[in-house]
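Chemist: My structure file upload.csv, CSV, C-alpha atoms, is below:
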```csv
chain,number,residue,atom,x,y,z
B,19,MET,CA,111.1,156.2,114.0
B,20,GLY,CA,110.5,152.4,114.4
B,21,GLU,CA,113.2,149.8,114.6
B,22,TYR,CA,112.7,148.8,110.9
B,23,ASP,CA,111.8,152.2,109.3
B,24,SER,CA,115.3,152.6,107.7
B,25,VAL,CA,115.5,149.0,106.3
B,26,VAL,CA,115.9,149.1,102.5
B,27,VAL,CA,114.6,146.0,100.7
B,28,ARG,CA,116.6,145.2,97.5
B,29,LEU,CA,114.5,143.6,94.8
B,30,PRO,CA,116.1,141.1,92.6
B,31,SER,CA,117.3,141.8,89.0
B,32,LEU,CA,117.0,139.4,86.1
B,33,LEU,CA,120.6,140.3,85.2
B,34,SER,CA,123.3,140.0,87.8
B,35,PRO,CA,125.1,142.3,87.9
B,36,PRO,CA,122.9,144.8,86.2
B,37,LEU,CA,124.4,146.3,83.0
B,38,ALA,CA,126.0,149.7,83.2
B,39,PHE,CA,125.7,151.5,79.9
B,40,ALA,CA,127.9,154.6,79.2
B,41,HIS,CA,125.5,157.0,77.5
B,42,ARG,CA,127.1,158.0,74.2
B,43,GLY,CA,130.4,156.9,75.7
B,44,ALA,CA,131.8,158.6,78.7
B,45,ARG,CA,130.2,161.9,77.5
B,46,ALA,CA,130.7,163.6,80.9
B,47,HIS,CA,134.4,163.2,80.4
B,48,ALA,CA,135.1,163.3,76.6
B,49,PRO,CA,133.3,164.4,73.4
B,50,GLU,CA,130.2,162.2,72.9
B,51,ASN,CA,130.1,159.4,70.4
B,52,THR,CA,133.8,159.6,69.6
B,53,PRO,CA,136.4,156.8,69.8
B,54,ALA,CA,138.0,158.6,72.7
B,55,ALA,CA,134.7,158.6,74.7
B,56,PHE,CA,134.0,155.0,74.0
B,57,GLN,CA,137.5,153.9,75.0
B,58,LEU,CA,137.4,156.0,78.2
B,59,ALA,CA,134.0,154.4,79.1
B,60,VAL,CA,135.6,151.0,78.9
B,61,LYS,CA,138.7,152.2,80.9
B,62,LEU,CA,136.3,153.5,83.6
B,63,GLY,CA,134.7,150.1,83.9
B,64,ALA,CA,131.4,150.4,81.9
B,65,THR,CA,130.0,147.0,81.0
B,66,GLY,CA,127.9,148.5,78.2
B,67,ILE,CA,128.0,151.3,75.7
B,68,GLU,CA,125.0,153.3,74.4
B,69,SER,CA,124.7,155.2,71.2
B,70,ASP,CA,122.3,156.0,68.3
B,71,VAL,CA,122.7,154.6,64.8
B,72,TRP,CA,122.2,156.2,61.4
B,73,ILE,CA,123.0,154.9,57.9
B,74,THR,CA,125.1,156.7,55.3
B,75,ALA,CA,124.5,156.9,51.6
B,76,ASP,CA,126.8,154.0,51.0
B,77,GLY,CA,125.3,151.8,53.8
B,78,ALA,CA,127.6,152.4,56.8
B,79,LEU,CA,126.1,152.2,60.3
B,80,VAL,CA,127.4,155.4,61.9
B,81,LEU,CA,127.0,156.3,65.6
B,82,SER,CA,125.7,159.8,66.1
B,83,HIS,CA,123.0,161.4,68.4
B,84,ASP,CA,121.1,163.6,66.0
B,85,GLY,CA,122.2,162.2,62.6
B,86,GLN,CA,123.4,165.6,61.3
B,87,ILE,CA,126.8,167.1,60.8
B,88,GLY,CA,128.5,170.3,59.8
B,89,LEU,CA,127.4,173.9,60.2
B,90,ARG,CA,124.6,173.4,57.8
B,91,ARG,CA,123.4,170.3,59.7
B,92,ARG,CA,123.2,168.0,56.8
B,93,PRO,CA,121.9,164.5,57.4
B,94,ILE,CA,124.3,161.6,57.6
B,95,ARG,CA,122.3,159.8,55.0
B,96,SER,CA,123.5,162.3,52.4
B,97,PHE,CA,127.2,161.4,52.9
B,98,ASP,CA,129.3,158.4,52.1
B,99,ARG,CA,131.3,157.0,55.0
B,100,ALA,CA,134.6,158.3,53.7
B,101,GLU,CA,133.2,161.9,53.7
B,102,LEU,CA,132.5,161.9,57.4
B,103,PRO,CA,134.9,163.3,60.1
B,104,ASN,CA,137.4,160.8,61.5
B,105,THR,CA,135.9,161.5,65.0
B,106,MET,CA,132.9,159.5,63.9
B,107,ILE,CA,132.8,155.8,64.2
B,108,THR,CA,130.6,153.0,62.8
B,109,LEU,CA,129.0,150.3,65.0
B,110,PRO,CA,131.2,147.5,63.5
B,111,GLU,CA,134.3,149.6,64.2
B,112,LEU,CA,133.2,150.1,67.8
B,113,VAL,CA,132.5,146.4,68.3
B,114,ALA,CA,135.9,145.5,67.0
B,115,SER,CA,137.7,148.1,69.2
B,116,VAL,CA,136.4,147.1,72.7
B,117,PRO,CA,136.6,143.9,74.8
B,118,SER,CA,134.4,141.1,73.8
B,119,THR,CA,132.5,141.3,77.1
B,120,ILE,CA,131.0,144.8,76.4
B,121,ALA,CA,127.3,145.0,75.7
B,122,PHE,CA,125.8,147.5,73.3
B,123,SER,CA,122.6,149.4,73.6
B,124,ILE,CA,121.8,151.0,70.2
B,125,ASP,CA,118.9,153.3,69.5
B,126,ILE,CA,117.5,152.9,66.0
B,127,LYS,CA,117.0,156.6,65.0
B,128,ASP,CA,116.6,155.8,61.3
B,129,ASP,CA,114.4,152.9,60.5
B,130,ALA,CA,116.3,152.4,57.2
B,131,ALA,CA,119.3,151.4,59.4
B,132,MET,CA,117.6,148.4,61.0
B,133,GLU,CA,117.8,145.8,58.3
B,134,PRO,CA,121.4,146.6,57.3
B,135,LEU,CA,122.3,146.4,61.0
B,136,LEU,CA,120.6,143.0,61.3
B,137,SER,CA,122.4,141.8,58.2
B,138,TRP,CA,125.7,142.8,59.6
B,139,ALA,CA,124.9,141.3,63.0
B,140,LYS,CA,124.2,137.9,61.3
B,141,THR,CA,127.9,137.9,60.2
B,142,GLU,CA,128.9,138.1,63.9
B,143,PRO,CA,129.0,135.2,66.3
B,144,ASP,CA,126.0,134.6,68.5
B,145,THR,CA,128.1,135.6,71.5
B,146,MET,CA,128.3,139.1,70.1
B,147,ARG,CA,124.6,139.2,69.0
B,148,GLU,CA,123.6,138.2,72.5
B,149,ARG,CA,125.3,141.4,73.8
B,150,LEU,CA,123.4,143.6,71.3
B,151,TYR,CA,120.4,145.5,72.6
B,152,LEU,CA,118.5,147.3,69.8
B,153,CYS,CA,116.1,150.0,71.0
B,154,HIS,CA,113.1,151.5,69.2
B,155,PRO,CA,110.0,153.6,70.3
B,156,ASP,CA,107.5,151.5,68.3
B,157,TRP,CA,107.3,147.9,69.7
B,158,THR,CA,105.2,146.8,66.8
B,159,LYS,CA,108.1,147.4,64.5
B,160,LEU,CA,110.4,145.5,66.8
B,161,ALA,CA,108.0,142.6,66.6
B,162,GLU,CA,108.4,142.7,62.8
B,163,TRP,CA,112.2,142.8,63.1
B,164,ARG,CA,112.2,139.9,65.5
B,165,ALA,CA,111.4,137.6,62.6
B,166,ILE,CA,114.7,138.6,60.9
B,167,ASP,CA,116.9,137.8,63.9
B,168,PRO,CA,116.0,135.6,66.8
B,169,VAL,CA,119.2,136.2,68.7
B,170,VAL,CA,119.7,139.9,69.2
B,171,ASN,CA,117.9,141.6,72.1
B,172,LEU,CA,115.1,144.0,71.2
B,173,VAL,CA,114.0,146.7,73.6
B,174,ASP,CA,110.9,148.9,73.7
B,175,SER,CA,112.2,152.4,74.4
B,176,THR,CA,109.1,154.2,75.4
B,177,SER,CA,107.3,156.0,78.2
B,178,LEU,CA,104.4,155.2,80.6
B,179,LYS,CA,102.3,157.8,78.7
B,180,ALA,CA,102.8,155.9,75.5
B,181,MET,CA,101.4,152.7,77.0
B,182,ASP,CA,97.8,153.5,76.1
B,183,LYS,CA,96.5,150.1,77.4
B,184,GLY,CA,98.6,150.3,80.5
B,185,PRO,CA,101.9,148.8,81.6
B,186,GLU,CA,100.6,145.3,82.3
B,187,ARG,CA,99.1,144.9,78.8
B,188,ARG,CA,102.4,146.3,77.4
B,189,ALA,CA,104.4,143.7,79.3
B,190,HIS,CA,102.1,141.0,78.0
B,191,ASP,CA,102.4,142.2,74.4
B,192,LEU,CA,106.2,142.4,74.7
B,193,ALA,CA,106.4,138.8,76.0
B,194,GLU,CA,104.1,137.6,73.3
B,195,ALA,CA,106.2,139.3,70.6
B,196,ASN,CA,109.5,138.0,72.1
B,197,ILE,CA,110.7,141.6,72.7
B,198,ASP,CA,113.2,141.3,75.5
B,199,GLY,CA,112.8,144.4,77.5
B,200,VAL,CA,111.6,147.9,78.1
B,201,ASN,CA,113.5,151.2,78.6
B,202,LEU,CA,112.0,154.0,80.6
B,203,ARG,CA,113.3,157.3,81.9
B,204,ARG,CA,114.6,156.9,85.5
B,205,ASP,CA,111.7,158.7,87.2
B,206,GLU,CA,109.1,156.4,85.6
B,207,TRP,CA,110.4,153.4,87.4
B,208,SER,CA,109.3,152.1,90.8
B,209,GLY,CA,109.8,148.8,92.5
B,210,GLY,CA,106.3,147.8,91.6
B,211,MET,CA,106.8,148.7,88.0
B,212,VAL,CA,110.0,146.7,87.8
B,213,SER,CA,108.3,143.7,89.4
B,214,LEU,CA,105.4,143.9,87.0
B,215,PHE,CA,107.7,143.6,83.9
B,216,HIS,CA,109.8,141.0,85.7
B,217,ARG,CA,106.7,138.9,86.2
B,218,PHE,CA,106.6,138.6,82.4
B,219,ASP,CA,110.3,137.9,82.3
B,220,ARG,CA,111.1,141.2,80.5
B,221,LEU,CA,114.2,143.2,81.2
B,222,CYS,CA,113.9,146.7,82.7
B,223,PHE,CA,116.4,149.5,81.8
B,224,GLY,CA,116.4,153.0,83.2
B,225,TRP,CA,118.0,155.9,81.4
B,226,ASP,CA,119.1,159.4,82.5
B,227,ALA,CA,120.6,158.1,85.8
B,228,GLN,CA,123.0,161.0,86.4
B,229,HIS,CA,123.2,161.2,90.2
B,230,GLU,CA,124.4,158.8,92.9
B,231,HIS,CA,121.0,158.6,94.7
B,232,VAL,CA,119.1,158.0,91.4
B,233,LEU,CA,121.5,155.2,90.5
B,234,ALA,CA,121.1,153.7,94.0
B,235,GLU,CA,117.3,153.9,93.9
B,236,LEU,CA,117.1,152.2,90.4
B,237,LEU,CA,119.5,149.4,91.5
B,238,THR,CA,117.6,148.8,94.7
B,239,MET,CA,114.3,148.5,92.6
B,240,GLY,CA,115.9,145.5,90.8
B,241,ILE,CA,116.6,147.3,87.5
B,242,ASP,CA,118.5,145.3,84.9
B,243,GLY,CA,120.5,148.1,83.3
B,244,VAL,CA,121.2,151.8,83.9
B,245,PHE,CA,122.4,154.5,81.5
B,246,SER,CA,124.5,157.4,82.7
B,247,ASP,CA,126.8,160.1,81.3
B,248,HIS,CA,128.9,159.8,84.5
B,249,VAL,CA,130.6,156.4,84.2
B,250,ASP,CA,132.6,156.9,87.3
B,251,LEU,CA,129.5,157.5,89.5
B,252,MET,CA,127.7,154.7,87.8
B,253,MET,CA,130.4,152.2,88.4
B,254,ASP,CA,130.7,153.3,92.1
B,255,ALA,CA,126.9,152.7,92.5
B,256,VAL,CA,127.0,149.3,90.8
B,257,GLY,CA,130.0,148.3,93.0
B,258,GLN,CA,128.2,149.5,96.2
B,259,HIS,CA,125.1,147.6,95.1
B,260,GLY,CA,127.0,144.4,94.8
B,261,ARG,CA,128.3,144.4,98.3
```
Re-express the file's structure as structure tokens.
Modeler:
Amino acid sequence: MGEYDSVVVRLPSLLSPPLAFAHRGARAHAPENTPAAFQLAVKLGATGIESDVWITADGALVLSHDGQIGLRRRPIRSFDRAELPNTMITLPELVASVPSTIAFSIDIKDDAAMEPLLSWAKTEPDTMRERLYLCHPDWTKLAEWRAIDPVVNLVDSTSLKAMDKGPERRAHDLAEANIDGVNLRRDEWSGGMVSLFHRFDRLCFGWDAQHEHVLAELLTMGIDGVFSDHVDLMMDAVGQHGR
């Protein structure tokens, strides 16, 4: 082994420190998407919270992974907010219950929720909207929604396979459409891929980062945000990276 074979080169992030998103709250430690999970995530040091949003029959923005509840798996859209279990929480309720420094990564699972969400966001100060990262798998829809709100962050939640014209063209298209970033599964990122999107000034997020070595690799690549169920491991990795 040569003198420099073990040297690890850290690539720069656009965000310093990178965001650390608790996936569905601290779901490795508490029931996912519950107030308890979100509060525990904050207590463990997460700088961001991730969840999925659905809309109820009476227009409430409820956080749930699959949008169905009960033994019969009825869709959330068929209930009013008051009919849902008290273990479920809305996005405005979550925002009001955590410190004002917390960022939010919200997957839009029901397109019908997006315009009500943006309408609610406009009632919030810009300092909150700047901490809101709205994710969707169709970047062309994000481009349409950008016209509604110029402040919130929009993120292309996708895969390399879905980039039919290649990642460089996608990075160009996102920049042209003023879409702020891209979210890929952790094993689709490399230092070169992060550098490519950074060249277009687009944020890079990596999800499913469940192990220490995965978190360390992503952070070394210059990733701008990681998503993990294991908030304790994630915060240890971010702390080590900052040293």
Chemist: Using all atoms listed in the file, which of the listed residues (B:Pro30, B:Pro36, B:Pro134, B:Pro117) sits closest to Asp242 of chain B?
Modeler: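 Between B:Pro30, B:Pro36, B:Pro134, B:Pro117, the residue approaching Asp242 of chain B most closely is B:Pro36.
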Chemist: In the coordinate frame of the file, compute which residues have an atom within 6 Å of (121.4, 158.3, 54.7) when using all atoms listed in the file, and state them as JSON, numbers by chain.
Modeler: {"B": [73, 74, 75, 94, 95, 96]}
Chemist: Can you list every residue of segment 135-220 of chain B that has an atom at most 10 Å from segment 56-68 of chain B, with its nearest atom pair and the distance in Å to one decimal, using all atoms listed in the file, ordered by chain then number, as a tab-separated table?
Modeler:
```
residue	atom	partner	partner_atom	distance
B:Arg149	CA	B:Gly66	CA	8.7
B:Leu150	CA	B:Gly66	CA	9.6
B:Tyr151	CA	B:Glu68	CA	9.2
B:Leu152	CA	B:Glu68	CA	10.0
```
Chemist: I'd like to know which of B:Val170, B:Ala121, B:Met211, B:Ala139 is closest to Gly224 of chain B, using only C-alpha atoms.
Modeler: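 Result for the nearest residue to Gly224 of chain B: B:Met211.
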Chemist: Write out as a ChimeraX atom specification the residues lying within 9 Å of Glu133 of chain B, counting all atoms listed in the file and excluding same-chain residues fewer than 5 positions away.
Modeler: /B:138,163,166
Chemist: So what do you get for atom CA of Gly43 of chain B versus atom CA of Ala55 of chain B, distance-wise?
Modeler: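 Interatomic distance, atom CA of Gly43 of chain B to atom CA of Ala55 of chain B: 4.7 Å.
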Chemist: Which residue out of B:Leu221, B:Ala131, B:Leu192, B:Leu29 has the minimum interatomic distance to Gly209 of chain B when only C-alpha atoms are used?
Modeler: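 Ranking B:Leu221, B:Ala131, B:Leu192, B:Leu29 by distance to Gly209 of chain B, first place goes to B:Leu29.
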Chemist: Tell me, as a ChimeraX atom specification, which residues lie within 9 Å of Asp247 of chain B, counting all atoms listed in the file; anything in the same chain fewer than 6 positions away does not count.
Modeler: /B:39-47,226-228
Chemist: Give me, please, the distance in Å between atom CA of Leu237 of chain B and atom CA of Arg203 of chain B, quoted to one decimal.
Modeler: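 Separating atom CA of Leu237 of chain B from atom CA of Arg203 of chain B is a distance of 13.9 Å.
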Chemist: Taking only C-alpha atoms into account, name the residue in B:Lys179, B:Arg217, B:Arg204, B:Lys159 that is nearest to Phe245 of chain B.
Modeler: B:Arg204
Chemist: Between atom CA of Ser177 of chain B and atom CA of Leu202 of chain B, what is the spacing in Å?
Modeler: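 We find that atom CA of Leu202 of chain B and atom CA of Ser177 of chain B lie 5.6 Å from each other.
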Chemist: Using only C-alpha atoms for the distances, tell me which of B:Leu37, B:Leu178, B:Ala234, B:Leu172 is nearest to Ala195 of chain B.
Modeler: B:Leu172
Chemist: Please produce segment 98-130 of chain B, completed to N, CA and C atoms, as an mmCIF file, keeping the file's coordinate frame.
Modeler:
```
data_model
loop_
_atom_site.group_PDB
_atom_site.id
_atom_site.type_symbol
_atom_site.label_atom_id
_atom_site.label_comp_id
_atom_site.auth_asym_id
_atom_site.auth_seq_id
_atom_site.Cartn_x
_atom_site.Cartn_y
_atom_site.Cartn_z
ATOM 1 N N ASP B 98 128.689 159.704 52.060
ATOM 2 C CA ASP B 98 129.300 158.400 52.100
ATOM 3 C C ASP B 98 130.186 158.344 53.387
ATOM 4 N N ARG B 99 130.493 157.145 53.827
ATOM 5 C CA ARG B 99 131.300 157.000 55.000
ATOM 6 C C ARG B 99 132.614 157.732 54.947
ATOM 7 N N ALA B 100 133.276 157.678 53.815
ATOM 8 C CA ALA B 100 134.600 158.300 53.700
ATOM 9 C C ALA B 100 134.548 159.824 53.781
ATOM 10 N N GLU B 101 133.378 160.419 53.618
ATOM 11 C CA GLU B 101 133.200 161.900 53.700
ATOM 12 C C GLU B 101 133.035 162.374 55.113
ATOM 13 N N LEU B 102 132.822 161.482 56.056
ATOM 14 C CA LEU B 102 132.500 161.900 57.400
ATOM 15 C C LEU B 102 133.812 162.166 58.204
ATOM 16 N N PRO B 103 133.743 162.994 59.249
ATOM 17 C CA PRO B 103 134.900 163.300 60.100
ATOM 18 C C PRO B 103 135.495 162.012 60.695
ATOM 19 N N ASN B 104 136.815 161.995 60.937
ATOM 20 C CA ASN B 104 137.400 160.800 61.500
ATOM 21 C C ASN B 104 137.107 160.666 63.014
ATOM 22 N N THR B 105 136.393 161.658 63.587
ATOM 23 C CA THR B 105 135.900 161.500 65.000
ATOM 24 C C THR B 105 134.658 160.702 65.062
ATOM 25 N N MET B 106 134.079 160.354 63.922
ATOM 26 C CA MET B 106 132.900 159.500 63.900
ATOM 27 C C MET B 106 133.279 158.074 63.688
ATOM 28 N N ILE B 107 132.477 157.170 64.239
ATOM 29 C CA ILE B 107 132.800 155.800 64.200
ATOM 30 C C ILE B 107 131.572 154.952 63.837
ATOM 31 N N THR B 108 131.767 153.835 63.180
ATOM 32 C CA THR B 108 130.600 153.000 62.800
ATOM 33 C C THR B 108 130.453 151.936 63.949
ATOM 34 N N LEU B 109 129.279 151.326 63.970
ATOM 35 C CA LEU B 109 129.000 150.300 65.000
ATOM 36 C C LEU B 109 129.973 149.107 64.823
ATOM 37 N N PRO B 110 130.192 148.574 63.613
ATOM 38 C CA PRO B 110 131.200 147.500 63.500
ATOM 39 C C PRO B 110 132.565 147.868 63.982
ATOM 40 N N GLU B 111 132.981 149.114 63.702
ATOM 41 C CA GLU B 111 134.300 149.600 64.200
ATOM 42 C C GLU B 111 134.340 149.602 65.692
ATOM 43 N N LEU B 112 133.253 150.077 66.314
ATOM 44 C CA LEU B 112 133.200 150.100 67.800
ATOM 45 C C LEU B 112 133.282 148.730 68.363
ATOM 46 N N VAL B 113 132.480 147.809 67.832
ATOM 47 C CA VAL B 113 132.500 146.400 68.300
ATOM 48 C C VAL B 113 133.862 145.829 68.275
ATOM 49 N N ALA B 114 134.563 146.098 67.183
ATOM 50 C CA ALA B 114 135.900 145.500 67.000
ATOM 51 C C ALA B 114 136.948 146.155 67.907
ATOM 52 N N SER B 115 136.650 147.347 68.468
ATOM 53 C CA SER B 115 137.700 148.100 69.200
ATOM 54 C C SER B 115 137.599 147.925 70.714
ATOM 55 N N VAL B 116 136.574 147.246 71.224
ATOM 56 C CA VAL B 116 136.400 147.100 72.700
ATOM 57 C C VAL B 116 136.420 145.651 73.078
ATOM 58 N N PRO B 117 136.582 145.348 74.366
ATOM 59 C CA PRO B 117 136.600 143.900 74.800
ATOM 60 C C PRO B 117 135.337 143.188 74.434
ATOM 61 N N SER B 118 135.484 141.895 74.271
ATOM 62 C CA SER B 118 134.400 141.100 73.800
ATOM 63 C C SER B 118 133.296 140.846 74.869
ATOM 64 N N THR B 119 133.502 141.407 76.061
ATOM 65 C CA THR B 119 132.500 141.300 77.100
ATOM 66 C C THR B 119 131.513 142.469 77.124
ATOM 67 N N ILE B 120 131.808 143.536 76.389
ATOM 68 C CA ILE B 120 131.000 144.800 76.400
ATOM 69 C C ILE B 120 129.665 144.535 75.706
ATOM 70 N N ALA B 121 128.582 145.023 76.340
ATOM 71 C CA ALA B 121 127.300 145.000 75.700
ATOM 72 C C ALA B 121 127.041 146.343 74.993
ATOM 73 N N PHE B 122 126.107 146.347 74.055
ATOM 74 C CA PHE B 122 125.800 147.500 73.300
ATOM 75 C C PHE B 122 124.331 147.806 73.238
ATOM 76 N N SER B 123 123.940 149.002 73.668
ATOM 77 C CA SER B 123 122.600 149.400 73.600
ATOM 78 C C SER B 123 122.504 150.480 72.438
ATOM 79 N N ILE B 124 121.801 150.145 71.353
ATOM 80 C CA ILE B 124 121.800 151.000 70.200
ATOM 81 C C ILE B 124 120.393 151.444 69.848
ATOM 82 N N ASP B 125 120.179 152.757 69.898
ATOM 83 C CA ASP B 125 118.900 153.300 69.500
ATOM 84 C C ASP B 125 118.802 153.418 68.002
ATOM 85 N N ILE B 126 117.738 152.872 67.440
ATOM 86 C CA ILE B 126 117.500 152.900 66.000
ATOM 87 C C ILE B 126 116.817 154.253 65.690
ATOM 88 N N LYS B 127 117.572 155.269 65.279
ATOM 89 C CA LYS B 127 117.000 156.600 65.000
ATOM 90 C C LYS B 127 116.519 156.696 63.563
ATOM 91 N N ASP B 128 117.015 155.855 62.680
ATOM 92 C CA ASP B 128 116.600 155.800 61.300
ATOM 93 C C ASP B 128 116.182 154.406 60.965
ATOM 94 N N ASP B 129 114.879 154.207 60.725
ATOM 95 C CA ASP B 129 114.400 152.900 60.500
ATOM 96 C C ASP B 129 115.095 152.159 59.340
ATOM 97 N N ALA B 130 115.589 152.954 58.387
ATOM 98 C CA ALA B 130 116.300 152.400 57.200
ATOM 99 C C ALA B 130 117.594 151.686 57.671
#
```
